[in-house]
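Visitor: Shown below is the structure under consideration.
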Amino acid sequence: MSPAEILRPRQAIRDMLPYRPPTAGRDGSLRLDFNENTVGCSPCVLDALRAALDGPTLTMYPEYGKAIRELARFFGVLPDEILLTNGTDEAIQVLVHGYVEARDEVILPRPSYAMYRFYAESVGAAVREVDHRPPDLAFPLEEMLRVTGNSTRAVMIANPNNPTGAGVDLDGIERLLQAASQAAVLIDEAYFEFSGVTALPLLSRYPNLFVSRTFSKAYGLAALRIGCLFSQAGNIACLRKAQSPYSVNALAAVAARAAAGDPGYVRRYVEDVIAARKLLCRGLRNLGIRYYPSRANFVLIDVGPRAAELCCRLKGHGVLVRDRTHELPGCLRITVGTAEQVERLLGLFEELL
Ligand SMILES: Cc1ncc(COP(=O)(O)O)c(C=O)c1O
């Protein structure tokens with residue numbers, strides 16, 4: 001093999017496009033591009049991490065007993081109904097590896113979180129996408145029900161959805177669970193803290209239901225990579241077999257426990273974000289900028305043909321927003337943080353548009 005040649009990967013990997021999130025050089029900017037917490041995690045988390053930073057903790061492979069018990073109590077499930085994961089991304093990966101074979105049908109709304117398609121394609125699944133309903137980009141429940149059937153192996157939904165901010169209510173989720181009774185149905189609740197809608201109470205009634213949560217968004221711990229996947233105990237036991245035994249590092253588990261121990265911090269942050277979201281929407285209306293109503297900590301706006309240019313010019317002023325024009329022409333996605341941050345952004349819109 002000459003140096004220029006590469007070892008031939010599986011066909012499914014050859015068929016995939018690389019995922020290239022714009023994650024370089026973000027430090028020092030106002031980061032309204034990844035739906036992260038814009039002020040930082042609870043001080044209790046930092047204290048717990050400092051206290052855990054000692055030789056013995058770092059020498060040992062992680063032990064998850066305490067984290068599983070405490071987080072199960074926090075989320076209101078049994079310890080055998082929860083799987084700790086390296087972010088939601090690993091939850092999606094484990095679910096796909098657990099249930100989806102090459103050429104199996106996987107149904108996804110479009111546009112949605114990119115990792116559903118990414119992991120489904122990595123196993124060579126037949127991905128079928130259902131467009132959000134124009135003109136308001138509402139969740140396409142009826143359209144998804146129409147294409148879902150006994151041959152469907154997985155359905156993955158973000159509720160609320162990224163990047164549209166639209167959601168589906170529990171009645172809709174139940175209809176999907178019934179229509180896709182042979183499929184693993186993932187309800188990704190990465191933005192639950194902002195929407196308040198959760199499918200967790202349905203867990204005991206639907207053996208095909210999987211719910212994920214993350215500490216990356218409202219809790220401000222994206223760097224540590226920790227989330228949870230919930231399902232009935234038998235499913236979780238199967239998925240544990242499909243997961244690497246130490247994929248969640250010990251410090252991430254410490255941080256998640258501390259974050260769950262300070263719910264008031266996140267409650268206050270969420271209240272601030274929801275108030276700032278109203279402020280942002282009012283400002284957008286005053287400026288005549290079209291936006292899509294959101295149940296999450298971000299708002300999708302439509303600024304027309306100058307969207308990509310505006311995104312670059314905001315970057316020049318130290319403010320990062322996410323360009324979604326490749327999937328929704330004219331659209332940018334703005335993370336909502338504090339009122340002060342929203343005012344800075346609105347000031348720039350006024351100046352640049
Ligand atoms: C819907 C949705 N799910 C999951 C994630 C990623 O979560 P995590 O950091 O837990 O992997 C994102 C991040 O943007 C998201 O928008």
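Each chain of the structure tokens is named A, B, ... in the order shown, its residues numbered from 1; ligands are numbered from 1 in display order.
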Tell me, as a ChimeraX atom specification, which residues lie within 9 Å of Tyr113 of chain A, counting only C-alpha atoms; anything in the same chain fewer than 6 positions away does not count.
Guide: /A:157-158,161-163
Visitor: Could those selected residues go to a file with all heavy atoms, as a compact mmCIF listing (two decimals), in the first residue's frame?
Guide:
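part-v4.txt, written as the output of this step:
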# COMPACT_ATOMS: atom_id res chain seq x y z
N ILE A 157 -36.47 11.65 17.89
CA ILE A 157 -37.10 12.98 17.91
C ILE A 157 -36.48 13.81 19.01
O ILE A 157 -36.34 13.34 20.14
CB ILE A 157 -38.61 12.82 18.22
CG1 ILE A 157 -39.31 12.13 17.07
CG2 ILE A 157 -39.25 14.16 18.52
CD1 ILE A 157 -40.71 11.70 17.45
N ALA A 158 -36.13 15.05 18.69
CA ALA A 158 -35.72 15.99 19.74
C ALA A 158 -36.96 16.77 20.14
O ALA A 158 -37.65 17.33 19.28
CB ALA A 158 -34.66 16.93 19.21
N ASN A 161 -37.43 20.48 19.33
CA ASN A 161 -36.52 20.15 18.25
C ASN A 161 -35.46 21.24 18.05
O ASN A 161 -35.73 22.43 18.18
CB ASN A 161 -37.32 20.00 16.94
CG ASN A 161 -36.44 19.58 15.79
OD1 ASN A 161 -35.73 18.58 15.86
ND2 ASN A 161 -36.47 20.35 14.71
N ASN A 162 -34.27 20.79 17.72
CA ASN A 162 -33.18 21.67 17.30
C ASN A 162 -33.03 21.51 15.79
O ASN A 162 -32.88 20.38 15.34
CB ASN A 162 -31.90 21.22 18.03
CG ASN A 162 -30.66 21.92 17.53
OD1 ASN A 162 -30.74 22.90 16.80
ND2 ASN A 162 -29.51 21.40 17.92
N PRO A 163 -33.09 22.54 14.97
CA PRO A 163 -33.00 23.96 15.29
C PRO A 163 -34.32 24.73 15.27
O PRO A 163 -34.31 25.95 15.41
CB PRO A 163 -32.13 24.48 14.13
CG PRO A 163 -32.62 23.70 12.95
CD PRO A 163 -32.96 22.33 13.50
Visitor: Report as a PyMOL selection string all protein, DNA and RNA residues lying within 9 Å of segment 277-280 of chain A, evaluated on only C-alpha atoms, omitting residues in the same chain fewer than 4 positions from it.
Guide: chain A and resi 272-273+284-285+294+296-299+336-339+342-343+345-346
Visitor: Residues of chain A that have any atom at most 7 Å from an atom of ligand 1: could you tabulate them with the shortest-distance atom pair and the distance in Å to one decimal, using only C-alpha atoms and all ligand atoms, ordered by chain and increasing number, as JSON lines?
Guide:
{"residue": "A:Phe34", "atom": "CA", "partner": "ligand 1", "partner_atom_place_in_ligand_line": "14 (O)", "distance": 5.9}
{"residue": "A:Asn35", "atom": "CA", "partner": "ligand 1", "partner_atom_place_in_ligand_line": "14 (O)", "distance": 6.3}
{"residue": "A:Gly87", "atom": "CA", "partner": "ligand 1", "partner_atom_place_in_ligand_line": "10 (O)", "distance": 3.5}
{"residue": "A:Thr88", "atom": "CA", "partner": "ligand 1", "partner_atom_place_in_ligand_line": "10 (O)", "distance": 3.6}
{"residue": "A:Asp89", "atom": "CA", "partner": "ligand 1", "partner_atom_place_in_ligand_line": "11 (O)", "distance": 4.0}
{"residue": "A:Glu90", "atom": "CA", "partner": "ligand 1", "partner_atom_place_in_ligand_line": "11 (O)", "distance": 6.9}
{"residue": "A:Tyr113", "atom": "CA", "partner": "ligand 1", "partner_atom_place_in_ligand_line": "1 (C)", "distance": 5.1}
{"residue": "A:Ala158", "atom": "CA", "partner": "ligand 1", "partner_atom_place_in_ligand_line": "1 (C)", "distance": 4.8}
{"residue": "A:Asn161", "atom": "CA", "partner": "ligand 1", "partner_atom_place_in_ligand_line": "1 (C)", "distance": 6.0}
{"residue": "A:Asn162", "atom": "CA", "partner": "ligand 1", "partner_atom_place_in_ligand_line": "16 (O)", "distance": 5.0}
{"residue": "A:Asp188", "atom": "CA", "partner": "ligand 1", "partner_atom_place_in_ligand_line": "3 (N)", "distance": 5.9}
{"residue": "A:Glu189", "atom": "CA", "partner": "ligand 1", "partner_atom_place_in_ligand_line": "1 (C)", "distance": 6.9}
{"residue": "A:Ala190", "atom": "CA", "partner": "ligand 1", "partner_atom_place_in_ligand_line": "3 (N)", "distance": 5.0}
{"residue": "A:Thr214", "atom": "CA", "partner": "ligand 1", "partner_atom_place_in_ligand_line": "10 (O)", "distance": 4.4}
{"residue": "A:Phe215", "atom": "CA", "partner": "ligand 1", "partner_atom_place_in_ligand_line": "10 (O)", "distance": 6.3}
{"residue": "A:Ser216", "atom": "CA", "partner": "ligand 1", "partner_atom_place_in_ligand_line": "9 (O)", "distance": 4.7}
{"residue": "A:Ala222", "atom": "CA", "partner": "ligand 1", "partner_atom_place_in_ligand_line": "9 (O)", "distance": 5.4}
{"residue": "A:Arg225", "atom": "CA", "partner": "ligand 1", "partner_atom_place_in_ligand_line": "9 (O)", "distance": 6.0}
{"residue": "A:Ile226", "atom": "CA", "partner": "ligand 1", "partner_atom_place_in_ligand_line": "10 (O)", "distance": 6.2}
{"residue": "A:Gly227", "atom": "CA", "partner": "ligand 1", "partner_atom_place_in_ligand_line": "10 (O)", "distance": 5.4}
Visitor: Just to confirm, what's the straight-line distance from atom CA of Arg257 of chain A to atom CA of Pro62 of chain A in Å (one decimal)?
Guide: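 One can read the atom CA of Arg257 of chain A to atom CA of Pro62 of chain A distance as 13.8 Å.
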Visitor: One number please: atom CA of Ala72 of chain A to atom CA of Gly261 of chain A, in Å, one decimal.
Guide: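 Distance reported for this atom pair: 12.4 Å.
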Visitor: Name the residues in contact with Glu327 of chain A at a cut-off of 10 Å, using only C-alpha atoms, excluding same-chain residues fewer than 5 positions from it; report them as a list of chain:residue names.
Guide: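 In the requested form, the answer reads A:Arg110, A:Pro111, A:Ser112, A:Pro163.
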Visitor: Got time to write the residues from that selection, N, CA and C atoms, as a PDB file, in the first residue's frame?
Guide:
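Listing of part-v8.pdb after writing:
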ATOM      1  N   ARG A 110     -36.944  16.351   9.754  1.00  0.00           N
ATOM      2  CA  ARG A 110     -35.892  17.167   9.123  1.00  0.00           C
ATOM      3  C   ARG A 110     -36.339  18.618   9.062  1.00  0.00           C
ATOM      4  N   PRO A 111     -35.481  19.589   9.453  1.00  0.00           N
ATOM      5  CA  PRO A 111     -34.160  19.374  10.029  1.00  0.00           C
ATOM      6  C   PRO A 111     -34.266  19.009  11.502  1.00  0.00           C
ATOM      7  N   SER A 112     -33.229  18.318  11.972  1.00  0.00           N
ATOM      8  CA  SER A 112     -33.192  17.987  13.394  1.00  0.00           C
ATOM      9  C   SER A 112     -31.740  17.835  13.811  1.00  0.00           C
ATOM     10  N   PRO A 163     -33.092  22.542  14.971  1.00  0.00           N
ATOM     11  CA  PRO A 163     -32.998  23.962  15.287  1.00  0.00           C
ATOM     12  C   PRO A 163     -34.320  24.729  15.267  1.00  0.00           C
TER      13      PRO A 163
END
Visitor: With only C-alpha atoms as the counted atoms, please give the residues lying no more than 10 Å from segment 169-178 of chain A, apart from itself and same-chain residues fewer than 2 positions off, as a ChimeraX atom specification.
Guide: /A:139,141-142,144-146,148-149,155,157,159-160,167,180-187,197-199,201-202,205-209
